[in-house]
Amino acid sequence: MLELTLAEAAYEGVRVMQPARYQIALDRISVRFGGVLALDDVSLEVRSGERIAFIGANGSGKSTLLRVLHGLQPVSTGHVERRAALTQAMLFQRPAMLRLSAAANVALGLWLAGVPRSQRRLRVAEALERVGLGAEAQRAARALSGGQQQRLALARALALRPEQLLLDEPTASLDPSAKREIEALIAALFVGGGPTLLFASHNLGQVKRLATRVVYLEHGRVVADLGVNEFFAEGGAALPPAARLFLKGELPW
Ligand SMILES: Nc1ncnc2c1ncn2[C@@H]1O[C@H](COP(=O)(O)OP(=O)(O)OP(=O)(O)O)[C@@H](O)[C@H]1O
């Protein structure tokens, strides 16, 4: 095969494809709902393998930002660039299950994603096993407990084998033991690799345990975007004053 250095290729007039540096890049985006500016001039790059926590007070724009990143929410201004064929799956605070068995709910997600029938059964079984619901496959999804339904939602997401997993406060509505179960399942995804993770959370312990990078939002603006250790170092000494107060619990969540 003919190999050229970049300089040689440029000289020869050959277009050289560079590997994508990011999965998604937001360039100065804003989202407006009527009179509310939910996101205000946000620029952000999501790179492969990162685990980014979005934190901030209620209404600061975390869910809206996740929805923009997932492509569910159009932007009012600015530009969104997305790597071609990026596979994403999103989990919400309260999972929506259809009136079908647990297995059928997972299978439906695969069908919608265009996964061939021949692969669906195995993928469903694998995903349910992974979240500890193998024995519940034929039970009605809506009859499962809140924690089990959230595990089922995680199975539905994982069955898609996403490169990027988005979680919008996935443990917020669960009791403490179900919270721990879900978090442990999520943490287990990253042993030896795992998808890129983008998650909104009000639980700072969870953020420290799961994230590699933390983005702090205030009134729809990104006011801090740091590696997790730097973010929490010395009580948030590197942060703007409001973010420091937030860490101390002195701002409303
Ligand atoms: N569909 C919508 N229509 C109108 N306003 C909206 C809509 N979605 C969000 N907003 C508003 O946009 C702002 C940001 O909301 P968003 O849900 O993104 O914040 P959040 O940080 O996720 O909040 P929380 O922590 O309470 O989940 C809020 O003022 C909210 O009321």
# chains A, B, ... in the order shown; residues from 1 in each chain; ligands from 1
$ residues_around --residues "region 175-186 of chain A" --least-positions-apart "3" --cutoff "8 Å" --atoms "only C-alpha atoms" --output "list in words"
Val131, Gly147, Gln150, Arg151, Thr171, Ala172, Leu189, Phe190 and Gln206 of chain A
$ write_last_selection --atoms "C-alpha atoms" --output "compact mmCIF listing (two decimals), in the first residue's frame"
# COMPACT_ATOMS: atom_id res chain seq x y z
CA VAL A 131 -28.21 -6.45 35.15
CA GLY A 147 -35.15 -0.50 41.12
CA GLN A 150 -34.34 0.98 36.26
CA ARG A 151 -32.11 -2.10 35.87
CA THR A 171 -30.79 6.83 40.65
CA ALA A 172 -32.65 9.92 41.86
CA LEU A 189 -19.23 -1.18 32.78
CA PHE A 190 -15.92 0.63 33.03
CA GLN A 206 -21.59 9.32 42.86
$ residues_near_ligand --ligand "ligand 1" --cutoff "8 Å" --atoms "only C-alpha atoms and all ligand atoms" --output "list in words"
Arg32, Phe33, Gly34, Val36, Leu37, Ala38, Leu39, Ile55, Gly56, Ala57, Asn58, Gly59, Ser60, Gly61, Lys62, Ser63, Thr64, Leu65, Asp168, Glu169, Ala200, Ser201, His202, Leu217, His219, Gly220 and Trp253 of chain A
$ write_last_selection --atoms "N, CA and C atoms" --output "PDB file, in the first residue's frame"
ATOM      1  N   ARG A  32     -33.585  27.984  23.949  1.00  0.00           N
ATOM      2  CA  ARG A  32     -34.559  28.890  24.578  1.00  0.00           C
ATOM      3  C   ARG A  32     -35.930  28.245  24.552  1.00  0.00           C
ATOM      4  N   PHE A  33     -36.602  28.235  25.710  1.00  0.00           N
ATOM      5  CA  PHE A  33     -38.005  27.811  25.773  1.00  0.00           C
ATOM      6  C   PHE A  33     -38.825  29.052  26.098  1.00  0.00           C
ATOM      7  N   GLY A  34     -39.457  29.657  25.109  1.00  0.00           N
ATOM      8  CA  GLY A  34     -40.196  30.895  25.358  1.00  0.00           C
ATOM      9  C   GLY A  34     -39.258  31.918  25.970  1.00  0.00           C
ATOM     10  N   VAL A  36     -37.496  31.490  28.658  1.00  0.00           N
ATOM     11  CA  VAL A  36     -36.440  30.876  29.491  1.00  0.00           C
ATOM     12  C   VAL A  36     -35.245  30.475  28.628  1.00  0.00           C
ATOM     13  N   LEU A  37     -34.074  30.968  29.028  1.00  0.00           N
ATOM     14  CA  LEU A  37     -32.852  30.575  28.328  1.00  0.00           C
ATOM     15  C   LEU A  37     -32.275  29.381  29.098  1.00  0.00           C
ATOM     16  N   ALA A  38     -32.587  28.154  28.634  1.00  0.00           N
ATOM     17  CA  ALA A  38     -32.197  26.946  29.379  1.00  0.00           C
ATOM     18  C   ALA A  38     -30.711  26.652  29.220  1.00  0.00           C
ATOM     19  N   LEU A  39     -30.150  26.946  28.039  1.00  0.00           N
ATOM     20  CA  LEU A  39     -28.703  26.817  27.821  1.00  0.00           C
ATOM     21  C   LEU A  39     -28.229  28.089  27.149  1.00  0.00           C
ATOM     22  N   ILE A  55     -23.304  18.743  36.692  1.00  0.00           N
ATOM     23  CA  ILE A  55     -23.914  19.070  37.977  1.00  0.00           C
ATOM     24  C   ILE A  55     -24.316  20.540  38.008  1.00  0.00           C
ATOM     25  N   GLY A  56     -25.153  20.868  38.987  1.00  0.00           N
ATOM     26  CA  GLY A  56     -25.639  22.236  39.121  1.00  0.00           C
ATOM     27  C   GLY A  56     -27.005  22.207  39.783  1.00  0.00           C
ATOM     28  N   ALA A  57     -27.456  23.375  40.205  1.00  0.00           N
ATOM     29  CA  ALA A  57     -28.733  23.468  40.927  1.00  0.00           C
ATOM     30  C   ALA A  57     -29.897  23.062  40.026  1.00  0.00           C
ATOM     31  N   ASN A  58     -31.065  22.841  40.620  1.00  0.00           N
ATOM     32  CA  ASN A  58     -32.284  22.570  39.841  1.00  0.00           C
ATOM     33  C   ASN A  58     -32.472  23.672  38.810  1.00  0.00           C
ATOM     34  N   GLY A  59     -32.793  23.251  37.585  1.00  0.00           N
ATOM     35  CA  GLY A  59     -33.086  24.235  36.550  1.00  0.00           C
ATOM     36  C   GLY A  59     -31.853  24.846  35.907  1.00  0.00           C
ATOM     37  N   SER A  60     -30.654  24.337  36.236  1.00  0.00           N
ATOM     38  CA  SER A  60     -29.438  24.939  35.667  1.00  0.00           C
ATOM     39  C   SER A  60     -29.195  24.496  34.218  1.00  0.00           C
ATOM     40  N   GLY A  61     -29.933  23.472  33.762  1.00  0.00           N
ATOM     41  CA  GLY A  61     -29.826  23.113  32.339  1.00  0.00           C
ATOM     42  C   GLY A  61     -29.252  21.727  32.055  1.00  0.00           C
ATOM     43  N   LYS A  62     -29.063  20.919  33.106  1.00  0.00           N
ATOM     44  CA  LYS A  62     -28.406  19.604  32.922  1.00  0.00           C
ATOM     45  C   LYS A  62     -29.192  18.695  31.969  1.00  0.00           C
ATOM     46  N   SER A  63     -30.498  18.556  32.224  1.00  0.00           N
ATOM     47  CA  SER A  63     -31.307  17.658  31.380  1.00  0.00           C
ATOM     48  C   SER A  63     -31.361  18.174  29.951  1.00  0.00           C
ATOM     49  N   THR A  64     -31.503  19.476  29.816  1.00  0.00           N
ATOM     50  CA  THR A  64     -31.568  20.051  28.464  1.00  0.00           C
ATOM     51  C   THR A  64     -30.263  19.768  27.719  1.00  0.00           C
ATOM     52  N   LEU A  65     -29.140  19.902  28.427  1.00  0.00           N
ATOM     53  CA  LEU A  65     -27.848  19.657  27.789  1.00  0.00           C
ATOM     54  C   LEU A  65     -27.723  18.182  27.370  1.00  0.00           C
ATOM     55  N   ASP A 168     -29.720  10.465  32.842  1.00  0.00           N
ATOM     56  CA  ASP A 168     -30.255  11.676  33.466  1.00  0.00           C
ATOM     57  C   ASP A 168     -30.755  11.327  34.864  1.00  0.00           C
ATOM     58  N   GLU A 169     -29.924  11.562  35.841  1.00  0.00           N
ATOM     59  CA  GLU A 169     -30.238  11.257  37.246  1.00  0.00           C
ATOM     60  C   GLU A 169     -30.872   9.865  37.384  1.00  0.00           C
ATOM     61  N   ALA A 200     -26.077  13.251  34.443  1.00  0.00           N
ATOM     62  CA  ALA A 200     -26.444  14.342  35.345  1.00  0.00           C
ATOM     63  C   ALA A 200     -26.706  13.724  36.701  1.00  0.00           C
ATOM     64  N   SER A 201     -26.202  14.365  37.741  1.00  0.00           N
ATOM     65  CA  SER A 201     -26.417  13.807  39.075  1.00  0.00           C
ATOM     66  C   SER A 201     -26.419  14.916  40.114  1.00  0.00           C
ATOM     67  N   HIS A 202     -27.202  14.690  41.172  1.00  0.00           N
ATOM     68  CA  HIS A 202     -27.175  15.590  42.332  1.00  0.00           C
ATOM     69  C   HIS A 202     -26.360  14.962  43.452  1.00  0.00           C
ATOM     70  N   LEU A 217     -22.892  23.618  35.819  1.00  0.00           N
ATOM     71  CA  LEU A 217     -23.761  24.558  35.100  1.00  0.00           C
ATOM     72  C   LEU A 217     -24.438  25.509  36.070  1.00  0.00           C
ATOM     73  N   HIS A 219     -27.428  28.615  35.671  1.00  0.00           N
ATOM     74  CA  HIS A 219     -28.330  29.366  34.781  1.00  0.00           C
ATOM     75  C   HIS A 219     -28.033  29.096  33.307  1.00  0.00           C
ATOM     76  N   GLY A 220     -27.806  27.821  32.976  1.00  0.00           N
ATOM     77  CA  GLY A 220     -27.618  27.443  31.576  1.00  0.00           C
ATOM     78  C   GLY A 220     -26.237  27.687  31.018  1.00  0.00           C
ATOM     79  N   TRP A 253     -30.372  22.929  45.751  1.00  0.00           N
ATOM     80  CA  TRP A 253     -30.173  21.975  44.656  1.00  0.00           C
ATOM     81  C   TRP A 253     -31.401  21.951  43.812  1.00  0.00           C
TER      82      TRP A 253
END
$ closest_residue --among "A:Val222, A:Lys248, A:Ala113, A:Leu198" --to "Glu234 (chain A)" --atoms "only C-alpha atoms"
A:Lys248
$ atom_distance --atom1 "CA of Arg156 (chain A)" --atom2 "CA of Val106 (chain A)"
4.6 Å
$ closest_residue --among "A:Leu197, A:Met90, A:Val31, A:Val115" --to "Pro74 (chain A)" --atoms "only C-alpha atoms"
A:Val31
$ residues_around --residues "Gln119 (chain A)" --least-positions-apart "6" --cutoff "12 Å" --atoms "only C-alpha atoms" --output "VMD selection string"
chain A and resid 107 110 to 111 125 to 126 159 to 160
$ write_last_selection --atoms "N, CA and C atoms" --output "short mmCIF file (atom, residue, chain, number, x, y, z; two decimals), in the first residue's frame"
data_model
loop_
_atom_site.label_atom_id
_atom_site.label_comp_id
_atom_site.auth_asym_id
_atom_site.auth_seq_id
_atom_site.Cartn_x
_atom_site.Cartn_y
_atom_site.Cartn_z
N ALA A 107 -36.19 -6.31 23.68
CA ALA A 107 -36.19 -6.72 22.27
C ALA A 107 -36.75 -5.60 21.37
N LEU A 110 -34.20 -3.12 20.48
CA LEU A 110 -33.29 -3.62 19.45
C LEU A 110 -33.94 -3.57 18.07
N TRP A 111 -35.24 -3.92 18.05
CA TRP A 111 -35.97 -3.88 16.78
C TRP A 111 -36.00 -2.44 16.24
N ALA A 125 -30.99 -11.74 26.15
CA ALA A 125 -30.60 -12.61 27.27
C ALA A 125 -29.33 -12.10 27.94
N GLU A 126 -28.35 -11.71 27.13
CA GLU A 126 -27.08 -11.19 27.69
C GLU A 126 -27.31 -9.95 28.53
N ALA A 159 -28.15 -3.34 25.69
CA ALA A 159 -28.36 -4.28 24.58
C ALA A 159 -28.02 -3.62 23.24
N LEU A 160 -28.11 -2.30 23.20
CA LEU A 160 -27.79 -1.57 21.97
C LEU A 160 -26.27 -1.46 21.76
#
$ atom_distance --atom1 "CA of Leu122 (chain A)" --atom2 "CA of Leu144 (chain A)"
21.9 Å
$ atom_distance --atom1 "CA of Gly235 (chain A)" --atom2 "CA of Phe54 (chain A)"
17.7 Å
$ residues_around --residues "Ala157 (chain A)" --least-positions-apart "2" --cutoff "9 Å" --atoms "only C-alpha atoms" --output "short mmCIF file (atom, residue, chain, number, x, y, z; two decimals) with N, CA and C atoms, in the first residue's frame"
data_model
loop_
_atom_site.label_atom_id
_atom_site.label_comp_id
_atom_site.auth_asym_id
_atom_site.auth_seq_id
_atom_site.Cartn_x
_atom_site.Cartn_y
_atom_site.Cartn_z
N GLN A 88 -25.73 5.86 20.55
CA GLN A 88 -26.00 6.42 21.88
C GLN A 88 -27.21 5.73 22.49
N ALA A 89 -27.24 5.68 23.81
CA ALA A 89 -28.45 5.20 24.50
C ALA A 89 -28.61 6.05 25.75
N MET A 90 -29.86 6.35 26.10
CA MET A 90 -30.10 7.26 27.23
C MET A 90 -31.05 6.63 28.24
N LEU A 91 -30.75 6.90 29.50
CA LEU A 91 -31.58 6.41 30.61
C LEU A 91 -32.12 7.62 31.35
N VAL A 106 -36.85 -5.09 26.08
CA VAL A 106 -35.46 -4.97 25.59
C VAL A 106 -35.44 -5.27 24.08
N GLY A 109 -36.52 -2.42 21.82
CA GLY A 109 -35.47 -1.41 21.63
C GLY A 109 -34.52 -1.83 20.51
N ALA A 127 -28.12 -9.03 27.99
CA ALA A 127 -28.33 -7.76 28.68
C ALA A 127 -29.09 -7.97 29.99
N LEU A 152 -33.83 -2.74 34.30
CA LEU A 152 -34.34 -3.16 32.99
C LEU A 152 -34.05 -2.08 31.94
N ALA A 153 -34.25 -0.83 32.33
CA ALA A 153 -33.95 0.27 31.41
C ALA A 153 -32.46 0.27 31.05
N LEU A 154 -31.62 -0.06 32.04
CA LEU A 154 -30.18 -0.14 31.76
C LEU A 154 -29.91 -1.29 30.79
N ALA A 155 -30.59 -2.44 31.00
CA ALA A 155 -30.42 -3.58 30.07
C ALA A 155 -30.83 -3.17 28.66
N ALA A 159 -28.15 -3.34 25.69
CA ALA A 159 -28.36 -4.28 24.58
C ALA A 159 -28.02 -3.62 23.24
N LEU A 160 -28.11 -2.30 23.20
CA LEU A 160 -27.79 -1.57 21.97
C LEU A 160 -26.27 -1.46 21.76
N ARG A 161 -25.52 -1.88 22.78
CA ARG A 161 -24.04 -1.77 22.75
C ARG A 161 -23.61 -0.37 22.35
N PRO A 162 -24.07 0.63 23.12
CA PRO A 162 -23.80 2.02 22.71
C PRO A 162 -22.34 2.40 22.95
N LEU A 165 -23.18 6.38 26.55
CA LEU A 165 -24.34 6.14 27.41
C LEU A 165 -24.66 7.45 28.13
#
$ select_by_dssp --residues "region 61-143 of chain A" --states "helix (DSSP H, G or I)" --output "PyMOL selection string"
chain A and resi 62-70+102-112+117-130+134-136+141-143
$ select_by_dssp --residues "region 21-107 of chain A" --states "strand (DSSP E or B)" --output "PyMOL selection string"
chain A and resi 24-33+36-46+51-55+77-82+88-91+101
$ closest_atom_pairs --of "region 46-158 of chain A" --to "region 25-30 of chain A" --cutoff "6 Å" --atoms "only C-alpha atoms" --output "tab-separated table"
residue	atom	partner	partner_atom	distance
A:Val75	CA	A:Ser30	CA	5.9
A:Ser76	CA	A:Ser30	CA	5.6
A:Thr77	CA	A:Ser30	CA	5.2
A:Gly78	CA	A:Ile29	CA	4.0
A:His79	CA	A:Asp27	CA	5.1
A:Val80	CA	A:Leu26	CA	4.7
A:Glu81	CA	A:Ala25	CA	5.1
$ closest_residue --among "A:Ile24, A:Leu128, A:Val68, A:Ala53" --to "Tyr216 (chain A)" --atoms "only C-alpha atoms"
A:Ala53
